[in-house]
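*Asks:* Dropping in protein-v3.tsv, which is TSV, C-alpha atoms:
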chain	number	residue	atom	x	y	z
A	1	MET	CA	24.45	6.21	-15.96
A	2	ILE	CA	25.12	9.63	-14.47
A	3	LEU	CA	24.03	8.29	-11.10
A	4	LEU	CA	26.41	5.33	-11.36
A	5	THR	CA	29.29	7.64	-12.22
A	6	LEU	CA	28.43	9.82	-9.25
A	7	MET	CA	28.33	6.76	-7.01
A	8	ALA	CA	31.79	5.73	-8.17
A	9	ILE	CA	33.07	9.24	-7.44
A	10	VAL	CA	31.50	9.19	-3.98
A	11	VAL	CA	33.07	5.80	-3.22
A	12	ILE	CA	36.51	7.08	-4.21
A	13	GLY	CA	35.88	10.02	-1.91
A	14	ILE	CA	34.95	7.67	0.93
A	15	ILE	CA	38.21	5.80	0.44
A	16	ARG	CA	40.28	8.95	0.24
A	17	PHE	CA	38.88	10.82	3.24
A	18	LYS	CA	40.50	10.23	6.58
A	19	ASN	CA	37.96	12.12	8.65
A	20	LEU	CA	35.30	9.60	9.62
A	21	PHE	CA	32.69	12.31	10.03
A	22	ASN	CA	32.94	13.16	6.34
A	23	VAL	CA	32.87	9.49	5.50
A	24	ILE	CA	29.53	9.09	7.28
A	25	ILE	CA	28.02	12.02	5.38
A	26	LEU	CA	29.30	10.62	2.10
A	27	GLY	CA	27.83	7.25	3.02
A	28	SER	CA	24.46	8.89	3.42
A	29	ILE	CA	24.84	10.51	-0.01
A	30	TYR	CA	25.81	7.14	-1.46
A	31	SER	CA	22.64	5.58	-0.06
A	32	PHE	CA	20.44	8.23	-1.62
A	33	LEU	CA	22.11	7.80	-5.01
A	34	MET	CA	21.72	4.04	-4.69
A	35	ALA	CA	18.05	4.48	-3.88
A	36	SER	CA	17.62	6.57	-7.03
A	37	ILE	CA	19.27	3.90	-9.14
A	38	LEU	CA	17.09	1.16	-7.64
A	39	LEU	CA	14.06	3.33	-8.37
A	40	VAL	CA	15.09	3.67	-12.01
A	41	LEU	CA	15.51	-0.11	-12.09
A	42	ASP	CA	11.86	-0.41	-10.97
A	43	ALA	CA	12.66	-1.93	-7.60
A	44	VAL	CA	10.76	0.54	-5.47
A	45	ASP	CA	10.60	-1.60	-2.33
A	46	VAL	CA	14.35	-2.17	-2.36
A	47	ALA	CA	14.87	1.55	-2.95
A	48	LEU	CA	12.72	2.35	0.06
A	49	THR	CA	14.68	-0.09	2.20
A	50	GLU	CA	17.95	1.33	0.97
A	51	ALA	CA	16.88	4.88	1.80
A	52	SER	CA	15.55	4.04	5.24
A	53	VAL	CA	18.32	1.68	6.32
A	54	GLY	CA	21.23	3.19	4.45
A	55	ALA	CA	20.52	6.89	4.72
A	56	GLY	CA	18.46	6.99	7.90
A	57	ILE	CA	19.28	4.31	10.41
A	58	SER	CA	22.87	3.53	9.55
A	59	THR	CA	23.85	7.21	9.57
A	60	VAL	CA	22.53	7.52	13.12
A	61	LEU	CA	24.13	4.24	14.19
A	62	MET	CA	27.46	5.19	12.62
A	63	LEU	CA	27.39	8.49	14.46
A	64	SER	CA	26.75	6.64	17.70
A	65	ALA	CA	29.70	4.40	16.89
A	66	LEU	CA	31.82	7.44	16.07
A	67	TYR	CA	31.21	8.66	19.59
A	68	LEU	CA	32.95	5.51	20.85
A	69	THR	CA	36.03	5.90	18.71
A	70	LYS	CA	38.29	8.59	17.32
A	71	ARG	CA	37.41	11.11	14.66
A	72	ASN	CA	40.23	10.25	12.27
A	73	GLU	CA	41.35	7.10	10.59
A	74	ASN	CA	44.68	5.55	11.54
A	75	PRO	CA	47.35	5.63	8.87
A	76	ILE	CA	47.66	2.32	7.04
A	77	THR	CA	50.80	0.44	7.97
A	78	HIS	CA	50.35	-3.07	6.62
A	79	ASN	CA	50.84	-4.33	3.09
A	80	GLN	CA	47.98	-3.40	0.76
A	81	ILE	CA	48.62	-5.76	-2.15
A	82	TRP	CA	46.77	-8.79	-0.78
A	83	PRO	CA	43.47	-7.04	-0.07
A	84	LEU	CA	43.60	-5.54	-3.58
A	85	LEU	CA	44.25	-8.96	-5.07
A	86	ILE	CA	41.39	-10.58	-3.15
A	87	ALA	CA	39.02	-7.78	-4.15
A	88	LEU	CA	39.99	-8.09	-7.81
A	89	ILE	CA	39.53	-11.88	-7.79
A	90	THR	CA	36.15	-11.63	-6.08
A	91	GLY	CA	35.01	-8.97	-8.54
A	92	ALA	CA	36.15	-11.05	-11.49
A	93	LEU	CA	34.26	-14.07	-10.11
A	94	LEU	CA	31.10	-11.99	-9.70
A	95	VAL	CA	31.36	-10.65	-13.25
A	96	PHE	CA	31.95	-14.22	-14.46
A	97	GLY	CA	28.83	-15.27	-12.55
A	98	THR	CA	26.66	-12.73	-14.37
A	99	TYR	CA	27.32	-14.56	-17.65
A	100	GLY	CA	25.39	-17.53	-16.26
A	101	MET	CA	22.30	-15.44	-15.60
A	102	PRO	CA	19.35	-15.49	-17.99
A	103	GLU	CA	18.92	-12.59	-20.36
A	104	PHE	CA	17.41	-9.44	-18.96
A	105	GLY	CA	13.65	-9.20	-19.28
A	106	ILE	CA	12.72	-12.59	-20.72
A	107	ILE	CA	9.75	-14.37	-19.18
A	108	ASN	CA	10.97	-17.98	-19.02
A	109	THR	CA	13.48	-17.46	-16.25
A	110	PRO	CA	13.54	-19.95	-13.36
A	111	MET	CA	12.47	-17.12	-11.09
A	112	HIS	CA	9.12	-16.88	-12.88
A	113	ASN	CA	8.55	-20.59	-13.38
A	114	HIS	CA	9.45	-21.94	-9.98
A	115	VAL	CA	6.88	-21.67	-7.20
A	116	GLY	CA	5.37	-18.22	-7.69
A	117	GLY	CA	2.38	-19.50	-9.59
A	118	GLU	CA	1.72	-22.17	-6.99
A	119	TYR	CA	1.74	-19.56	-4.26
A	120	LEU	CA	-0.65	-17.34	-6.17
A	121	ALA	CA	-3.03	-20.22	-6.88
A	122	ARG	CA	-3.06	-21.91	-3.48
A	123	SER	CA	-2.48	-19.07	-1.08
A	124	ILE	CA	-6.06	-18.52	0.06
A	125	SER	CA	-7.03	-22.18	0.29
A	126	ASP	CA	-3.83	-23.04	2.14
A	127	THR	CA	-3.49	-20.21	4.58
A	128	GLY	CA	-6.63	-18.10	4.39
A	129	ILE	CA	-4.60	-14.90	4.08
A	130	GLU	CA	-5.65	-12.62	1.26
A	131	ASN	CA	-2.31	-10.84	0.88
A	132	VAL	CA	0.02	-13.23	-0.93
A	133	VAL	CA	3.18	-11.54	0.28
A	134	THR	CA	2.07	-11.94	3.87
A	135	SER	CA	1.14	-15.58	3.37
A	136	VAL	CA	4.50	-16.35	1.77
A	137	LEU	CA	6.47	-14.58	4.49
A	138	ALA	CA	4.47	-15.74	7.47
A	139	SER	CA	3.32	-19.19	6.40
A	140	TYR	CA	5.29	-20.76	3.54
A	141	ARG	CA	8.58	-19.32	4.75
A	142	GLY	CA	7.67	-19.15	8.39
A	143	PHE	CA	10.87	-20.66	9.76
A	144	ASP	CA	12.93	-18.44	7.48
A	145	THR	CA	11.17	-15.38	8.81
A	146	LEU	CA	11.60	-16.61	12.37
A	147	GLY	CA	15.35	-16.88	11.77
A	148	GLU	CA	15.48	-13.37	10.31
A	149	VAL	CA	13.60	-11.95	13.26
A	150	THR	CA	16.02	-13.69	15.62
A	151	VAL	CA	19.01	-12.18	13.81
A	152	ILE	CA	17.54	-8.68	13.85
A	153	PHE	CA	16.57	-9.00	17.49
A	154	THR	CA	20.10	-10.10	18.41
A	155	ALA	CA	21.59	-7.18	16.49
A	156	ALA	CA	19.27	-4.76	18.29
A	157	ILE	CA	20.25	-6.21	21.66
A	158	GLY	CA	23.93	-5.78	20.78
A	159	ILE	CA	23.49	-2.18	19.71
A	160	ILE	CA	21.52	-1.29	22.80
A	161	ALA	CA	24.12	-2.95	25.02
A	162	ILE	CA	26.98	-1.00	23.41
A	163	LEU	CA	25.20	2.34	23.61
A	164	LYS	CA	24.06	1.75	27.19
A	165	LYS	CA	27.62	1.09	28.25
A	166	THR	CA	28.88	4.42	26.98
A	167	LYS	CA	26.04	6.25	28.64
A	168	THR	CA	26.99	4.97	32.06
A	169	LYS	CA	30.67	5.57	31.35
A	170	VAL	CA	29.99	9.20	30.53
A	171	LYS	CA	28.16	9.67	33.79
B	1	MET	CA	8.14	17.83	-20.97
B	2	PHE	CA	9.44	16.14	-17.83
B	3	SER	CA	12.81	15.18	-19.24
B	4	VAL	CA	14.34	18.67	-19.06
B	5	PRO	CA	13.64	19.12	-15.32
B	6	THR	CA	14.93	15.60	-14.69
B	7	ILE	CA	18.21	16.42	-16.41
B	8	ILE	CA	18.46	19.68	-14.48
B	9	ILE	CA	17.88	17.83	-11.21
B	10	LEU	CA	20.61	15.36	-12.13
B	11	ILE	CA	22.98	18.23	-12.88
B	12	SER	CA	22.21	19.81	-9.51
B	13	ILE	CA	22.83	16.49	-7.78
B	14	THR	CA	26.17	16.34	-9.59
B	15	LEU	CA	27.08	19.81	-8.35
B	16	ALA	CA	26.06	18.86	-4.82
B	17	VAL	CA	28.30	15.78	-4.98
B	18	TYR	CA	31.14	18.02	-6.11
B	19	ARG	CA	30.51	20.26	-3.12
B	20	ALA	CA	30.33	17.29	-0.78
B	21	LEU	CA	33.72	16.05	-1.94
B	22	LYS	CA	35.37	19.46	-2.19
B	23	GLY	CA	33.67	21.33	0.62
B	24	PRO	CA	36.13	22.85	3.06
B	25	THR	CA	33.97	22.50	6.17
B	26	VAL	CA	31.70	19.82	7.53
B	27	PHE	CA	28.69	22.07	7.09
B	28	ASP	CA	29.24	22.32	3.34
B	29	ARG	CA	29.21	18.56	3.14
B	30	LEU	CA	26.17	18.28	5.35
B	31	LEU	CA	24.27	20.82	3.27
B	32	ALA	CA	25.32	18.96	0.14
B	33	ALA	CA	23.99	15.72	1.62
B	34	ASN	CA	20.72	17.45	2.40
B	35	VAL	CA	20.50	18.88	-1.12
B	36	ILE	CA	21.17	15.44	-2.57
B	37	GLY	CA	18.38	13.99	-0.47
B	38	THR	CA	15.99	16.66	-1.69
B	39	GLY	CA	17.22	16.15	-5.24
B	40	THR	CA	16.55	12.45	-4.89
B	41	VAL	CA	12.97	13.16	-3.90
B	42	MET	CA	12.52	15.54	-6.83
B	43	PHE	CA	14.07	12.97	-9.12
B	44	LEU	CA	11.72	10.31	-7.78
B	45	ALA	CA	8.67	12.46	-8.43
B	46	LEU	CA	9.81	13.57	-11.88
B	47	TYR	CA	10.81	10.06	-12.89
B	48	GLY	CA	7.40	8.80	-11.88
B	49	PHE	CA	5.73	11.29	-14.20
B	50	LEU	CA	8.37	10.73	-16.88
B	51	THR	CA	7.54	7.04	-17.09
B	52	GLY	CA	3.82	7.71	-16.75
B	53	ARG	CA	3.38	5.99	-13.41
B	54	PRO	CA	3.26	8.53	-10.59
B	55	ASP	CA	2.39	5.84	-8.05
B	56	PHE	CA	5.42	6.30	-5.86
B	57	LEU	CA	5.02	9.93	-4.91
B	58	ASP	CA	4.28	9.09	-1.29
B	59	ILE	CA	7.60	7.25	-1.02
B	60	GLY	CA	9.18	10.66	-1.58
B	61	LEU	CA	7.66	11.78	1.70
B	62	THR	CA	9.43	8.93	3.48
B	63	TYR	CA	12.72	9.91	1.86
B	64	LEU	CA	12.31	13.49	3.03
B	65	LEU	CA	11.55	12.43	6.59
B	66	LEU	CA	14.61	10.17	6.64
B	67	ASN	CA	16.72	12.94	5.22
B	68	LEU	CA	15.55	15.22	8.00
B	69	VAL	CA	16.29	12.64	10.69
B	70	GLY	CA	19.77	12.01	9.30
B	71	THR	CA	20.63	15.70	9.07
B	72	LEU	CA	19.31	16.39	12.55
B	73	ALA	CA	21.31	13.48	13.96
B	74	VAL	CA	24.52	14.73	12.35
B	75	LEU	CA	23.94	18.29	13.52
B	76	LYS	CA	23.12	17.15	17.02
B	77	TYR	CA	26.30	15.12	17.11
B	78	PHE	CA	28.24	18.12	15.92
B	79	ARG	CA	26.71	20.43	18.49
B	80	TYR	CA	26.86	18.22	21.56
B	81	GLY	CA	29.61	15.77	20.66
B	82	SER	CA	27.28	12.84	21.18
B	83	LEU	CA	23.78	11.73	20.35
B	84	GLY	CA	22.52	12.65	23.79
B	85	HIS	CA	21.10	9.56	25.37
B	86	GLY	CA	22.02	7.34	22.48
B	87	GLU	CA	18.86	5.33	22.19
B	88	GLU	CA	16.34	8.09	21.69
B	89	GLU	CA	16.87	8.30	17.95
For this file, write the structure as C-alpha cells.

*Replies:*
Amino acid sequence: MILLTLMAIVVIGIIRFKNLFNVIILGSIYSFLMASILLVLDAVDVALTEASVGAGISTVLMLSALYLTKRNENPITHNQIWPLLIALITGALLVFGTYGMPEFGIINTPMHNHVGGEYLARSISDTGIENVVTSVLASYRGFDTLGEVTVIFTAAIGIIAILKKTKTKVK
Amino acid sequence: MFSVPTIIILISITLAVYRALKGPTVFDRLLAANVIGTGTVMFLALYGFLTGRPDFLDIGLTYLLLNLVGTLAVLKYFRYGSLGHGEEE
C-alpha cells in the first residue's frame, strides 16, 4: 500500500516535471517500486523483467533518445480535455472489466483448468524436453515465440539504426 | 523480527522519493534513485525472510547490477553529453 502511494506520487512528479532528464530518473525509480510491488504479489519473474527492462535497459535507451532531442519538454498548446476524457473512459472500462474476473485465489479459475494440466502430463512424451516451460515456449507455442522473436529483432534493428545515424552525424 | 527493518526500509524509500521529487539538482535525484534501488534490494531480501521463503535472494544481485548500470549510464551522459558510442551499453 505504501509502495502504491509512492508510485502514484512518482507518476504525478513525472507529469509535472518539464526537464526530461529528471523524468528519466523518476521513471527508473518507478520501475524499482513496481518491481517491489510485483515481488510482494509473488510474481518474481515479472518483477525481474520489470527491473531489468524498466530500470536497466529503458533508462539507457531513453538517455540515448534524449541525446537526439532537447532537454526540456515543449509547453502544451493544444486542448487537454479530450485526452483526459479518453483516459477516464479507458480507466473506467478497465475497472468495469475487473468485475468479470474470478475471485482472487480460488482454484477453479479457467486459468488453472484450461491446458496447464495437459501440458504437464504430456510434455515429455510429446516433446522430450524435461523443462515444461521450455517445451511450452519452444514447442506448443512455437509460432508464437517465433513472432515474438521477430518483433524483438525488428525493434533492435530500429534502435541500432537510429543510434548509428547520430554517431556518424556527430563525426 | 523482520517486520521492523522492513518498515524502516519502506520509510527510507519514502524519504528517498521525497528527495527525488524535491531535490534541487540532478545529482540529488540520481542519488535518490540509487538509494531506492538499494532499498528495493534490501526490501526484497527482508520480505523473503519475512514470508519464510528466502529463495529470491540472488535476484537481489541482479537488481543491484542493473541499478549500477543505470546510474553509470546517467552519470556518463551527464559528464560527456552523450552515451559515447551509443551501442556499447

*Asks:* Fewer than 4 positions away in the same chain doesn't count, so skip those; otherwise give me all residues within 10 Å of segment 7-9 of chain B, counting all atoms listed in the file, as a PyMOL selection string.

*Replies:* (chain A and resi 2) or (chain B and resi 2-3+13-15+36+38-43+46)

*Asks:* Suppose we keep C-alpha atoms; can you now write the selection as a compact mmCIF listing (two decimals), in the frame of the given file?

*Replies:*
# COMPACT_ATOMS: atom_id res chain seq x y z
CA ILE A 2 25.12 9.63 -14.47
CA PHE B 2 9.44 16.14 -17.83
CA SER B 3 12.81 15.18 -19.24
CA ILE B 13 22.83 16.49 -7.78
CA THR B 14 26.17 16.34 -9.59
CA LEU B 15 27.08 19.81 -8.35
CA ILE B 36 21.17 15.44 -2.57
CA THR B 38 15.99 16.66 -1.69
CA GLY B 39 17.22 16.15 -5.24
CA THR B 40 16.55 12.45 -4.89
CA VAL B 41 12.97 13.16 -3.90
CA MET B 42 12.52 15.54 -6.83
CA PHE B 43 14.07 12.97 -9.12
CA LEU B 46 9.81 13.57 -11.88

*Asks:* Mind listing whatever residues come within 9 Å of the point (20.0, 13.2, 14.5)? Use only C-alpha atoms, file coordinates, and give them as a PyMOL selection string.

*Replies:* (chain A and resi 59-60+63) or (chain B and resi 68-77+83+89)

*Asks:* Please return, as a PyMOL selection string, all residues of chain A lying within 6 Å of chain B when only C-alpha atoms are considered.

*Replies:* chain A and resi 29+56+67

*Asks:* Quick one: distance from atom CA of Gly52 of chain B to atom CA of Ala43 of chain A in Å, one decimal?

*Replies:*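 A separation of 16.0 Å between them.
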
*Asks:* Could you tell me how far atom CA of Asp58 of chain B sits from atom CA of Thr145 of chain A, in Å to one decimal place?

*Replies:*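 Atom-to-atom, atom CA of Thr145 of chain A and atom CA of Asp58 of chain B are spaced 27.4 Å apart.
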
*Asks:* Between atom CA of Asp45 of chain A and atom CA of Arg141 of chain A, what is the distance in Å, rounded to a tenth?

*Replies:*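 Taking atom CA of Asp45 of chain A as the start and atom CA of Arg141 of chain A as the end point, the length is 19.2 Å.
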